[in-house]
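Raw contents of my_file.tsv, TSV, C-alpha atoms and all ligand atoms:
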```tsv
chain	number	residue	atom	x	y	z
L	28	MET	CA	38.01	11.34	24.05
L	29	ALA	CA	37.12	7.91	22.65
L	30	LYS	CA	35.94	7.39	19.11
L	31	LYS	CA	32.78	5.31	18.90
L	32	ALA	CA	30.66	4.08	16.03
L	33	LEU	CA	26.95	4.85	16.23
L	34	LEU	CA	25.33	2.10	14.20
L	35	VAL	CA	21.77	3.05	13.33
L	36	MET	CA	19.87	0.06	11.95
L	37	ALA	CA	16.62	0.13	9.97
L	38	TYR	CA	14.46	-2.04	7.74
L	39	GLY	CA	15.52	-0.60	4.37
L	40	THR	CA	13.39	-0.06	1.28
L	41	PRO	CA	13.82	-0.43	-2.49
L	42	TYR	CA	15.62	2.59	-4.01
L	43	GLN	CA	13.98	2.03	-7.43
L	44	GLU	CA	11.50	-0.37	-9.01
L	45	SER	CA	14.16	-2.87	-10.09
L	46	ASP	CA	15.18	-3.32	-6.43
L	47	ILE	CA	11.72	-4.56	-5.40
L	48	GLU	CA	12.24	-8.20	-6.43
L	49	PRO	CA	15.64	-8.74	-4.72
L	50	TYR	CA	14.40	-6.82	-1.67
L	51	TYR	CA	11.26	-8.95	-1.39
L	52	THR	CA	13.33	-12.11	-1.91
L	53	HIS	CA	15.62	-11.04	0.95
L	54	ILE	CA	12.61	-10.43	3.24
L	55	ARG	CA	11.47	-13.97	2.36
L	56	HIS	CA	14.82	-15.42	3.47
L	57	GLY	CA	15.99	-15.99	-0.11
L	58	ARG	CA	12.76	-17.51	-1.46
L	59	PRO	CA	11.64	-15.50	-4.53
L	60	PRO	CA	8.02	-14.27	-4.28
L	61	SER	CA	5.36	-15.56	-6.66
L	62	LYS	CA	4.64	-13.41	-9.71
L	63	GLU	CA	1.31	-12.34	-8.19
L	64	ALA	CA	2.85	-11.38	-4.85
L	65	LEU	CA	5.57	-9.38	-6.61
L	66	GLU	CA	3.03	-7.56	-8.78
L	67	ASP	CA	0.95	-6.80	-5.72
L	68	LEU	CA	3.95	-5.27	-3.91
L	69	LYS	CA	4.89	-3.25	-6.99
L	70	MET	CA	1.33	-1.95	-7.16
L	71	ARG	CA	1.50	-0.85	-3.49
L	72	TYR	CA	4.76	1.06	-4.07
L	73	LYS	CA	3.23	2.67	-7.16
L	74	ALA	CA	0.20	3.70	-5.11
L	75	ILE	CA	2.42	5.63	-2.68
L	76	GLY	CA	4.36	7.37	-5.45
L	77	GLY	CA	6.82	4.76	-6.76
L	78	VAL	CA	9.34	4.66	-3.93
L	79	SER	CA	8.92	4.94	-0.20
L	80	PRO	CA	9.91	8.08	1.74
L	81	LEU	CA	11.71	5.66	4.08
L	82	LYS	CA	14.65	5.86	1.65
L	83	ASP	CA	15.48	9.41	2.81
L	84	THR	CA	13.88	9.47	6.25
L	85	THR	CA	16.14	6.78	7.72
L	86	LYS	CA	19.16	8.88	6.74
L	87	ARG	CA	17.69	12.08	8.17
L	88	GLN	CA	16.80	10.34	11.45
L	89	ALA	CA	20.28	8.83	11.75
L	90	LEU	CA	21.97	12.19	11.06
L	91	ALA	CA	19.82	13.93	13.67
L	92	LEU	CA	20.68	11.23	16.20
L	93	VAL	CA	24.44	11.34	15.70
L	94	GLU	CA	24.32	15.13	15.96
L	95	GLU	CA	22.44	14.83	19.26
L	96	MET	CA	24.90	12.24	20.61
L	97	ASN	CA	27.88	14.41	19.71
L	98	LYS	CA	26.24	17.37	21.48
L	99	ARG	CA	25.72	15.32	24.64
L	100	SER	CA	28.92	13.30	24.82
L	101	ASP	CA	32.64	13.86	25.39
L	102	ASP	CA	33.24	10.92	23.09
L	103	GLU	CA	33.18	11.35	19.32
L	104	TYR	CA	30.49	9.38	17.52
L	105	GLU	CA	30.83	8.51	13.85
L	106	LEU	CA	27.61	7.49	12.11
L	107	PHE	CA	27.13	4.22	10.21
L	108	ILE	CA	23.79	3.05	8.80
L	109	GLY	CA	23.08	-0.68	8.48
L	110	LEU	CA	19.91	-1.99	6.84
L	111	LYS	CA	18.13	-5.30	7.29
L	112	HIS	CA	16.97	-6.07	3.78
L	113	ILE	CA	18.96	-3.95	1.32
L	114	THR	CA	22.40	-2.45	0.94
L	115	PRO	CA	24.12	-1.03	2.96
L	116	PHE	CA	23.42	-4.21	4.92
L	117	ILE	CA	24.20	-4.35	8.66
L	118	GLU	CA	27.27	-6.53	7.92
L	119	GLU	CA	28.59	-4.01	5.39
L	120	ALA	CA	28.25	-1.20	7.94
L	121	VAL	CA	30.23	-3.22	10.53
L	122	GLU	CA	32.90	-3.93	7.92
L	123	ASP	CA	33.18	-0.17	7.30
L	124	ILE	CA	33.46	0.42	11.05
L	125	ASN	CA	36.35	-2.03	11.15
L	126	LYS	CA	38.00	-0.31	8.18
L	127	ALA	CA	37.68	3.00	10.05
L	128	GLY	CA	39.64	1.39	12.93
L	129	ILE	CA	36.87	1.91	15.52
L	130	LYS	CA	36.73	-0.63	18.35
L	131	GLU	CA	33.44	0.26	20.06
L	132	ILE	CA	29.96	0.20	18.56
L	133	GLU	CA	26.70	1.42	20.07
L	134	THR	CA	23.59	0.40	18.16
L	135	VAL	CA	19.96	1.38	17.96
L	136	VAL	CA	17.21	0.00	15.72
L	137	LEU	CA	14.67	2.52	14.40
L	138	ALA	CA	11.80	0.62	16.04
L	139	PRO	CA	10.48	1.38	19.55
L	140	HIS	CA	9.52	-2.11	20.77
L	141	TYR	CA	11.62	-5.20	21.39
L	142	SER	CA	10.93	-8.63	19.98
L	143	ALA	CA	13.30	-11.54	19.62
L	144	PHE	CA	11.90	-11.74	16.08
L	145	SER	CA	12.51	-8.12	15.11
L	146	VAL	CA	14.97	-5.91	17.04
L	147	GLU	CA	16.99	-8.87	18.33
L	148	THR	CA	17.61	-10.13	14.79
L	149	TYR	CA	19.25	-6.79	13.92
L	150	ASN	CA	21.33	-6.75	17.13
L	151	LYS	CA	22.45	-10.33	16.59
L	152	ARG	CA	23.63	-9.65	13.05
L	153	ALA	CA	25.65	-6.63	14.23
L	154	LYS	CA	27.21	-8.59	17.11
L	155	GLU	CA	28.09	-11.63	15.00
L	156	GLU	CA	29.81	-9.50	12.39
L	157	ALA	CA	31.62	-7.37	14.98
L	158	GLU	CA	32.95	-10.47	16.74
L	159	LYS	CA	34.89	-11.35	13.60
L	160	TYR	CA	36.89	-8.14	14.05
L	161	GLY	CA	37.10	-8.13	17.86
L	162	ILE	CA	34.89	-5.04	18.07
L	163	SER	CA	32.66	-4.58	21.14
L	164	VAL	CA	28.94	-3.91	20.67
L	165	LYS	CA	26.35	-2.45	23.04
L	166	SER	CA	22.73	-2.31	21.86
L	167	VAL	CA	19.56	-0.47	22.79
L	168	ASP	CA	16.69	-2.97	23.00
L	169	ASP	CA	13.71	-0.60	23.08
L	170	PHE	CA	12.80	3.02	23.72
L	171	TYR	CA	8.97	3.08	23.87
L	172	ARG	CA	8.89	3.93	27.60
L	173	GLN	CA	11.00	7.05	27.13
L	174	GLU	CA	9.11	10.14	28.24
L	175	PRO	CA	9.86	12.23	25.13
L	176	PHE	CA	8.54	9.39	22.93
L	177	ILE	CA	5.29	9.31	24.92
L	178	ASP	CA	5.18	13.14	24.91
L	179	TYR	CA	5.25	13.05	21.12
L	180	TRP	CA	2.27	10.72	20.86
L	181	VAL	CA	0.28	12.43	23.62
L	182	GLU	CA	0.60	15.65	21.66
L	183	GLN	CA	-0.57	13.92	18.46
L	184	VAL	CA	-3.69	12.65	20.24
L	185	GLU	CA	-4.38	16.08	21.74
L	186	GLU	CA	-3.95	17.84	18.41
L	187	THR	CA	-6.16	15.32	16.62
L	188	MET	CA	-8.88	15.54	19.27
L	189	LYS	CA	-8.96	19.33	18.78
L	190	THR	CA	-10.17	18.67	15.22
L	191	ILE	CA	-13.07	16.50	16.48
L	192	PRO	CA	-16.15	18.23	17.95
L	193	GLU	CA	-16.21	17.72	21.72
L	194	ASP	CA	-19.62	16.04	21.68
L	195	GLU	CA	-18.16	13.40	19.34
L	196	HIS	CA	-15.15	12.50	21.55
L	197	ASP	CA	-17.17	9.69	23.04
L	198	LYS	CA	-17.77	8.39	19.50
L	199	THR	CA	-14.03	8.21	18.76
L	200	ALA	CA	-11.87	5.08	18.62
L	201	ILE	CA	-8.09	5.49	19.02
L	202	ILE	CA	-6.23	2.51	17.57
L	203	VAL	CA	-2.62	2.02	18.69
L	204	SER	CA	-0.83	-0.45	16.41
L	205	ALA	CA	2.45	-2.12	15.49
L	206	HIS	CA	3.58	-4.59	12.83
L	207	SER	CA	2.08	-8.03	13.36
L	208	LEU	CA	4.30	-11.08	13.82
L	209	PRO	CA	3.47	-14.82	13.62
L	210	GLU	CA	1.44	-15.51	16.76
L	211	LYS	CA	2.90	-18.93	17.54
L	212	MET	CA	6.50	-17.67	17.81
L	213	ILE	CA	5.45	-14.79	20.06
L	214	VAL	CA	3.21	-16.82	22.38
L	215	GLU	CA	5.46	-19.89	22.70
L	216	ASN	CA	8.46	-17.73	23.54
L	217	ASN	CA	6.59	-15.40	25.88
L	218	ASP	CA	7.96	-12.55	23.78
L	219	PRO	CA	7.51	-9.09	25.38
L	220	TYR	CA	6.37	-7.44	22.10
L	221	PRO	CA	2.56	-7.54	22.66
L	222	LYS	CA	2.89	-6.40	26.31
L	223	GLN	CA	5.08	-3.50	25.24
L	224	LEU	CA	2.42	-2.31	22.79
L	225	GLU	CA	-0.24	-2.48	25.54
L	226	GLU	CA	2.05	-0.59	27.90
L	227	THR	CA	2.65	2.12	25.29
L	228	MET	CA	-1.09	2.54	24.87
L	229	GLU	CA	-1.56	2.84	28.67
L	230	LEU	CA	1.22	5.43	28.98
L	231	ILE	CA	-0.46	7.58	26.33
L	232	ARG	CA	-3.97	7.07	27.69
L	233	GLU	CA	-2.88	8.14	31.21
L	234	ARG	CA	-2.05	11.57	29.80
L	235	ALA	CA	-4.48	11.89	26.87
L	236	ASN	CA	-7.62	10.25	28.14
L	237	TYR	CA	-10.02	10.92	25.30
L	238	GLY	CA	-12.31	8.64	23.33
L	239	HIS	CA	-11.83	4.87	23.55
L	240	TYR	CA	-8.43	3.21	23.13
L	241	PHE	CA	-7.72	-0.16	21.48
L	242	THR	CA	-4.59	-1.99	20.36
L	243	GLY	CA	-4.34	-3.68	16.97
L	244	TRP	CA	-1.80	-5.23	14.63
L	245	GLN	CA	-1.12	-4.44	11.02
L	246	SER	CA	0.69	-5.32	7.82
L	247	GLU	CA	0.73	-9.07	8.57
L	248	GLY	CA	2.58	-11.36	6.16
L	249	ASN	CA	1.04	-13.58	3.58
L	250	THR	CA	1.50	-16.99	5.26
L	251	PRO	CA	-1.03	-19.63	6.31
L	252	ASP	CA	-0.13	-19.47	10.05
L	253	PRO	CA	-2.04	-17.09	12.30
L	254	TRP	CA	-0.47	-13.68	12.98
L	255	LEU	CA	-0.97	-11.48	16.05
L	256	GLY	CA	-4.42	-9.95	15.83
L	257	PRO	CA	-6.80	-8.25	15.63
L	258	ASP	CA	-5.74	-6.80	12.31
L	259	VAL	CA	-6.43	-3.05	12.25
L	260	GLN	CA	-8.75	-3.26	9.26
L	261	ASP	CA	-10.92	-6.01	10.81
L	262	LEU	CA	-10.80	-4.20	14.14
L	263	THR	CA	-12.09	-1.02	12.48
L	264	GLN	CA	-15.08	-2.85	11.00
L	265	ASP	CA	-15.83	-4.76	14.23
L	266	LEU	CA	-15.64	-1.59	16.32
L	267	TYR	CA	-17.90	0.18	13.89
L	268	ASP	CA	-20.42	-2.68	13.97
L	269	GLU	CA	-20.40	-2.76	17.76
L	270	HIS	CA	-20.25	0.94	18.67
L	271	GLN	CA	-20.91	2.96	15.48
L	272	PHE	CA	-17.85	5.11	16.15
L	273	LYS	CA	-17.86	8.32	14.09
L	274	HIS	CA	-14.09	8.87	14.21
L	275	PHE	CA	-11.12	6.51	14.00
L	276	VAL	CA	-7.70	7.82	15.04
L	277	TYR	CA	-4.76	5.60	14.00
L	278	LEU	CA	-1.47	5.71	15.90
L	279	PRO	CA	0.81	3.19	14.10
L	280	LEU	CA	3.50	3.87	16.67
L	281	GLY	CA	5.36	0.60	16.22
L	282	PHE	CA	6.79	2.46	13.22
L	283	VAL	CA	8.78	5.69	13.32
L	284	CYS	CA	8.06	7.46	10.04
L	285	GLU	CA	5.78	7.54	7.03
L	286	HIS	CA	6.50	4.56	4.78
L	287	LEU	CA	4.69	1.88	2.80
L	288	GLU	CA	3.12	0.17	5.82
L	289	VAL	CA	1.66	3.47	7.08
L	290	LEU	CA	0.90	5.18	3.76
L	291	TYR	CA	-0.74	2.09	2.27
L	292	ASP	CA	-1.92	-0.14	5.12
L	293	ASN	CA	-3.27	2.73	7.22
L	294	ASP	CA	-3.90	5.66	4.88
L	295	TYR	CA	-5.38	3.55	2.10
L	296	GLU	CA	-6.60	0.22	3.53
L	297	CYS	CA	-7.99	1.43	6.86
L	298	LYS	CA	-9.48	4.45	5.16
L	299	VAL	CA	-11.40	2.16	2.80
L	300	VAL	CA	-13.11	0.73	5.89
L	301	THR	CA	-13.82	4.11	7.56
L	302	ASP	CA	-15.14	5.53	4.26
L	303	ARG	CA	-17.37	2.49	3.78
L	304	ASN	CA	-18.95	3.21	7.16
L	305	ASN	CA	-19.12	6.99	6.77
L	306	ALA	CA	-16.70	7.43	9.67
L	307	VAL	CA	-13.85	9.96	9.64
L	308	TYR	CA	-10.26	8.73	9.21
L	309	HIS	CA	-7.51	10.47	11.22
L	310	ARG	CA	-3.81	9.61	11.21
L	311	PRO	CA	-1.51	12.16	12.85
L	312	PRO	CA	2.04	12.62	11.49
L	313	MET	CA	4.73	10.08	12.38
L	314	PRO	CA	7.79	11.15	14.45
L	315	ASN	CA	10.29	11.32	11.54
L	316	THR	CA	12.98	13.73	12.87
L	317	ASP	CA	10.95	15.25	15.69
L	318	GLN	CA	13.40	16.19	18.47
L	319	ARG	CA	11.40	14.25	21.09
L	320	PHE	CA	11.82	11.06	19.10
L	321	ILE	CA	15.55	11.71	18.64
L	322	ASP	CA	15.88	12.46	22.39
L	323	ALA	CA	14.09	9.22	23.29
L	324	MET	CA	16.71	7.19	21.41
L	325	ALA	CA	19.60	9.35	22.65
L	326	ASN	CA	18.47	8.86	26.28
L	327	GLU	CA	18.63	5.08	25.86
L	328	ILE	CA	22.02	5.22	24.11
L	329	GLU	CA	23.39	7.27	27.02
L	330	LYS	CA	22.40	4.45	29.39
L	331	LEU	CA	24.51	1.83	27.55
L	401	LIG	O1	9.45	0.33	1.93
L	401	LIG	C1	8.77	0.75	2.87
L	401	LIG	O2	8.39	1.92	2.97
L	401	LIG	C2	8.29	-0.18	3.95
L	401	LIG	C3	9.38	-0.85	4.64
L	401	LIG	C4	8.96	-1.81	5.71
L	401	LIG	C5	9.05	-1.61	7.07
L	401	LIG	C6	8.70	-2.84	7.71
L	401	LIG	C7	8.71	-3.02	9.06
L	401	LIG	C8	8.56	-4.23	9.71
L	401	LIG	N1	8.37	-5.46	9.09
L	401	LIG	C9	8.29	-6.41	10.07
L	401	LIG	C10	8.09	-7.75	9.88
L	401	LIG	C11	7.81	-8.36	8.66
L	401	LIG	C12	7.52	-9.76	8.48
L	401	LIG	C13	7.24	-9.96	7.15
L	401	LIG	C14	7.36	-8.68	6.51
L	401	LIG	C15	7.15	-8.44	5.15
L	401	LIG	C16	7.36	-7.22	4.52
L	401	LIG	C17	7.22	-6.99	3.08
L	401	LIG	C18	7.53	-5.65	2.84
L	401	LIG	C19	7.88	-5.07	4.11
L	401	LIG	N2	7.77	-6.04	5.09
L	401	LIG	FE1	8.14	-5.77	7.08
L	401	LIG	N3	8.36	-3.77	6.75
L	401	LIG	C20	8.50	-3.16	5.52
L	401	LIG	C21	8.26	-3.76	4.28
L	401	LIG	N4	7.71	-7.73	7.44
L	401	LIG	C22	7.54	-4.92	1.52
L	401	LIG	C23	6.85	-8.07	2.06
L	401	LIG	C24	5.52	-7.91	1.45
L	401	LIG	C25	4.44	-7.77	2.46
L	401	LIG	O3	4.17	-8.73	3.19
L	401	LIG	O4	3.92	-6.64	2.53
L	401	LIG	C26	6.86	-11.27	6.46
L	401	LIG	C27	8.08	-11.99	5.95
L	401	LIG	C28	7.73	-13.33	5.34
L	401	LIG	O5	6.93	-13.33	4.39
L	401	LIG	O6	8.29	-14.31	5.84
L	401	LIG	C29	7.54	-10.80	9.59
L	401	LIG	C30	8.42	-5.77	11.38
L	401	LIG	C31	8.58	-4.42	11.17
L	401	LIG	C32	8.74	-3.29	12.23
L	401	LIG	C33	10.09	-3.33	12.87
L	401	LIG	C34	11.20	-2.96	11.92
L	401	LIG	O7	11.16	-1.87	11.29
L	401	LIG	O8	12.11	-3.79	11.82
L	401	LIG	C35	8.36	-6.47	12.73
L	401	LIG	C36	9.50	-0.35	7.76
```
Structure rendered as structure tokens:
Amino acid sequence: MAKKALLVMAYGTPYQESDIEPYYTHIRHGRPPSKEALEDLKMRYKAIGGVSPLKDTTKRQALALVEEMNKRSDDEYELFIGLKHITPFIEEAVEDINKAGIKEIETVVLAPHYSAFSVETYNKRAKEEAEKYGISVKSVDDFYRQEPFIDYWVEQVEETMKTIPEDEHDKTAIIVSAHSLPEKMIVENNDPYPKQLEETMELIRERANYGHYFTGWQSEGNTPDPWLGPDVQDLTQDLYDEHQFKHFVYLPLGFVCEHLEVLYDNDYECKVVTDRNNAVYHRPPMPNTDQRFIDAMANEIEKL
């Protein structure tokens, strides 16, 4: 029986208000945000209750995953959590793995789609740190195609559609979204990220063919360069103008739990647009620790 480290990596979130500035500065590669940008971010955290539920959900997801891996495997997995933008940073987690004397790491990022500019940056940081200690690393790149992951979202669409009168199904827009990234980097590098989002939408639509599906991007950064679009808020208004949809169903499935980007960017900002147009806002629950989501990641880890 080999001992392996399961390194679960995630974005990270401020634990308290005083963490917001250093956290935001880290996201901006060490450049402190302007006073206005910082105040704006503080306001968004306040609007969702002060801190993000991400703080606890990442831990609960990681614990559920290591439990599942230990059920499935003859090897013994020990859990380590490494975050991108706040302590415990990915490098700190690898240092702890070394201190524990473990020589093999398997990693997964709590994000379903691969991009060289998102998931790969986590994997690279883990590998670079592990190399210093002669520890081997195997990484999951994506898990959006996994059947249990699709099962989860198909069920969310079905459950949501049950709340919409049948004669209004044809007046329903279903918007599948992920975090936007700067367009130029994605296009010039032929990055698979946008295709993976489209594919996810198709896999869900094949089994839950209601209403009208669209893909969109959300939570784009505040920089002058163009980001992947359409932005979900603009898309909502455009779709309303064109088709007068009565219902908008948001599936922000590039994320894996309720956190700032879902609770604010979808539940507040998109809802402003649906309210303005007298349309009904729907956003089914995120996977969090749903067993199908945990199984989707475990299935990919087993393949490593
Ligand atoms: O605290 C919470 O509940 C929310 C945490 C959070 C998650 C998240 C996921 C992703 N991001 C991705 C890319 C970018 C790029 C920039 C960027 C900026 C921010 C800011 C906050 C923030 N992100 Fe994030 N993101 C979360 C939080 N993100 C806060 C800064 C203020 C703002 O713009 O809202 C732009 C950086 C720059 O300015 O140069 C790019 C991607 C994901 C999904 C994959 C993943 O989880 O890694 C991609 C959760």
Return as an mmCIF file with C-alpha atoms, in the frame of the given file every polymer residue, whether protein, DNA or RNA, with at least one atom no more than 6 Å from an atom of ligand LIG 401 (chain L); count all atoms listed in the file.
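Output saved as result.cif:
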```
data_model
loop_
_atom_site.group_PDB
_atom_site.id
_atom_site.type_symbol
_atom_site.label_atom_id
_atom_site.label_comp_id
_atom_site.auth_asym_id
_atom_site.auth_seq_id
_atom_site.Cartn_x
_atom_site.Cartn_y
_atom_site.Cartn_z
ATOM 1 C CA ALA L 37 16.620 0.130 9.970
ATOM 2 C CA TYR L 38 14.460 -2.040 7.740
ATOM 3 C CA THR L 40 13.390 -0.060 1.280
ATOM 4 C CA TYR L 51 11.260 -8.950 -1.390
ATOM 5 C CA ILE L 54 12.610 -10.430 3.240
ATOM 6 C CA ARG L 55 11.470 -13.970 2.360
ATOM 7 C CA SER L 79 8.920 4.940 -0.200
ATOM 8 C CA LEU L 81 11.710 5.660 4.080
ATOM 9 C CA ALA L 138 11.800 0.620 16.040
ATOM 10 C CA SER L 145 12.510 -8.120 15.110
ATOM 11 C CA HIS L 206 3.580 -4.590 12.830
ATOM 12 C CA LEU L 208 4.300 -11.080 13.820
ATOM 13 C CA GLY L 248 2.580 -11.360 6.160
ATOM 14 C CA ASN L 249 1.040 -13.580 3.580
ATOM 15 C CA HIS L 286 6.500 4.560 4.780
ATOM 16 C CA LEU L 287 4.690 1.880 2.800
ATOM 17 C CA GLU L 288 3.120 0.170 5.820
#
```
Excluding Met212 of chain L and any residue of its chain fewer than 5 positions from it, enumerate the residues within 9 Å of it, using only C-alpha atoms, and give them as a PyMOL selection string.
-> chain L and resi 144+217-218
When distances are computed from all atoms listed in the file, which of L:Val121, L:Val135, L:Leu278, L:Met188 shows the smallest separation from Glu147 of chain L?
->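 For Glu147 of chain L, the nearest of the given residues is L:Val135.
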Segment 153-168 of chain L surroundings by all atoms listed in the file, 8 Å radius, close-in-sequence under 6 positions cut, as a PyMOL selection string = chain L and resi 117-118+121-122+125+129-136+140-141+146-147+327-328+331
Out of L:Asp294, L:Asp317, L:Glu193, L:Glu226, which residue has the shortest atom-to-atom distance to Val276 of chain L when counting all atoms listed in the file?
->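 Checking each candidate against Val276 of chain L, we get L:Asp294 as the closest.
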Please, what distance in Å, to one decimal, runs between atom CA of Asn305 of chain L and atom CA of Arg71 of chain L?
->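 Result for atom CA of Asn305 of chain L versus atom CA of Arg71 of chain L: 24.3 Å, one decimal.
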Enclose all atoms of segment 62-81 of chain L listed in the file in an axis-aligned box, grow every side by 3 Å, and hand back centre and edge lengths in Å to one decimal, as lines of an AutoDock Vina configuration file.
```
center_x = 6.0
center_y = -2.7
center_z = -2.8
size_x = 17.5
size_y = 27.5
size_z = 19.8
```
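Atom CA of Lys211 of chain L to atom CA of His56 of chain L spans 18.8 Å [interatomic distance, one decimal].
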Please, what distance in Å, to one decimal, runs between atom CA of Gln245 of chain L and atom CA of Asp292 of chain L?
-> 7.3 Å
So which residues fall inside 10 Å of (11.5, 17.0, 23.1) if we count only C-alpha atoms? Mind giving them as a PyMOL selection string?
-> chain L and resi 174-176+178-179+317-323
Taking into account only C-alpha atoms, which residue in the set L:Phe282, L:Tyr308, L:Trp254, L:Tyr220 is nearest to Ile201 of chain L?
->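 Nearest candidate to Ile201 of chain L out of L:Phe282, L:Tyr308, L:Trp254, L:Tyr220: L:Tyr308.
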Find the spatial neighbours of Pro60 of chain L, counting only C-alpha atoms, within a cut-off of 12 Å - ignore same-chain residues fewer than 4 positions away - and output them as a compact mmCIF listing (two decimals) with C-alpha atoms, in the coordinates of the input.
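In the end it all went to selection.txt:
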```
# COMPACT_ATOMS: atom_id res chain seq x y z
CA ILE L 47 11.72 -4.56 -5.40
CA GLU L 48 12.24 -8.20 -6.43
CA PRO L 49 15.64 -8.74 -4.72
CA TYR L 50 14.40 -6.82 -1.67
CA TYR L 51 11.26 -8.95 -1.39
CA THR L 52 13.33 -12.11 -1.91
CA HIS L 53 15.62 -11.04 0.95
CA ILE L 54 12.61 -10.43 3.24
CA ARG L 55 11.47 -13.97 2.36
CA HIS L 56 14.82 -15.42 3.47
CA ALA L 64 2.85 -11.38 -4.85
CA LEU L 65 5.57 -9.38 -6.61
CA GLU L 66 3.03 -7.56 -8.78
CA ASP L 67 0.95 -6.80 -5.72
CA LEU L 68 3.95 -5.27 -3.91
CA LYS L 69 4.89 -3.25 -6.99
CA ASN L 249 1.04 -13.58 3.58
CA THR L 250 1.50 -16.99 5.26
```
For the contact check between segment 240-282 of chain L and segment 296-302 of chain L, emit one row per residue of segment 240-282 of chain L within 9 Å, containing the shortest atom pair and the distance in Å rounded to one decimal, counting only C-alpha atoms, chain then rising number order, as a Markdown table.
```
| residue | atom | partner | partner_atom | distance |
| --- | --- | --- | --- | --- |
| L:Val259 | CA | L:Cys297 | CA | 7.2 |
| L:Gln260 | CA | L:Cys297 | CA | 5.3 |
| L:Asp261 | CA | L:Val300 | CA | 8.6 |
| L:Thr263 | CA | L:Val300 | CA | 6.9 |
| L:Gln264 | CA | L:Val300 | CA | 6.5 |
| L:Tyr267 | CA | L:Thr301 | CA | 8.5 |
| L:Lys273 | CA | L:Thr301 | CA | 8.8 |
| L:His274 | CA | L:Thr301 | CA | 8.2 |
| L:Phe275 | CA | L:Thr301 | CA | 7.4 |
| L:Tyr277 | CA | L:Cys297 | CA | 8.9 |
```
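Take the candidates L:Gln271, L:Gly57, L:Glu233, L:Gly39 and check each one against Thr85 of chain L using all atoms listed in the file; the shortest distance goes to L:Gly39.
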Complete segment 102-106 of chain L at the level of all heavy atoms, written as a tab-separated table (two decimals), in the coordinates of the input.
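Final file, selection33.tsv:
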```tsv
chain	number	residue	atom	x	y	z
L	102	ASP	N	32.69	11.81	24.12
L	102	ASP	CA	33.24	10.92	23.09
L	102	ASP	C	32.83	11.43	21.70
L	102	ASP	O	31.89	12.19	21.58
L	102	ASP	CB	32.70	9.49	23.26
L	102	ASP	CG	33.12	8.90	24.59
L	102	ASP	OD1	34.24	9.22	25.04
L	102	ASP	OD2	32.32	8.15	25.17
L	103	GLU	N	33.55	10.93	20.68
L	103	GLU	CA	33.18	11.35	19.32
L	103	GLU	C	32.47	10.19	18.62
L	103	GLU	O	33.05	9.11	18.49
L	103	GLU	CB	34.44	11.75	18.55
L	103	GLU	CG	34.11	12.35	17.21
L	103	GLU	CD	35.34	12.47	16.32
L	103	GLU	OE1	36.47	12.45	16.85
L	103	GLU	OE2	35.14	12.53	15.10
L	104	TYR	N	31.24	10.42	18.22
L	104	TYR	CA	30.49	9.38	17.52
L	104	TYR	C	30.59	9.56	16.02
L	104	TYR	O	30.37	10.66	15.51
L	104	TYR	CB	29.00	9.44	17.89
L	104	TYR	CG	28.68	8.86	19.25
L	104	TYR	CD1	28.67	9.67	20.38
L	104	TYR	CD2	28.38	7.51	19.38
L	104	TYR	CE1	28.37	9.13	21.62
L	104	TYR	CE2	28.07	6.97	20.62
L	104	TYR	CZ	28.06	7.79	21.74
L	104	TYR	OH	27.76	7.26	22.96
L	105	GLU	N	30.91	8.46	15.31
L	105	GLU	CA	30.83	8.51	13.85
L	105	GLU	C	29.64	7.65	13.42
L	105	GLU	O	29.45	6.54	13.92
L	105	GLU	CB	32.13	7.97	13.24
L	105	GLU	CG	32.14	8.15	11.73
L	105	GLU	CD	33.48	7.79	11.08
L	105	GLU	OE1	34.53	7.82	11.78
L	105	GLU	OE2	33.46	7.45	9.89
L	106	LEU	N	28.85	8.17	12.50
L	106	LEU	CA	27.61	7.49	12.11
L	106	LEU	C	27.83	6.43	11.03
L	106	LEU	O	28.52	6.68	10.04
L	106	LEU	CB	26.60	8.52	11.58
L	106	LEU	CG	25.31	7.95	10.98
L	106	LEU	CD1	24.47	7.24	12.05
L	106	LEU	CD2	24.49	9.05	10.31
```
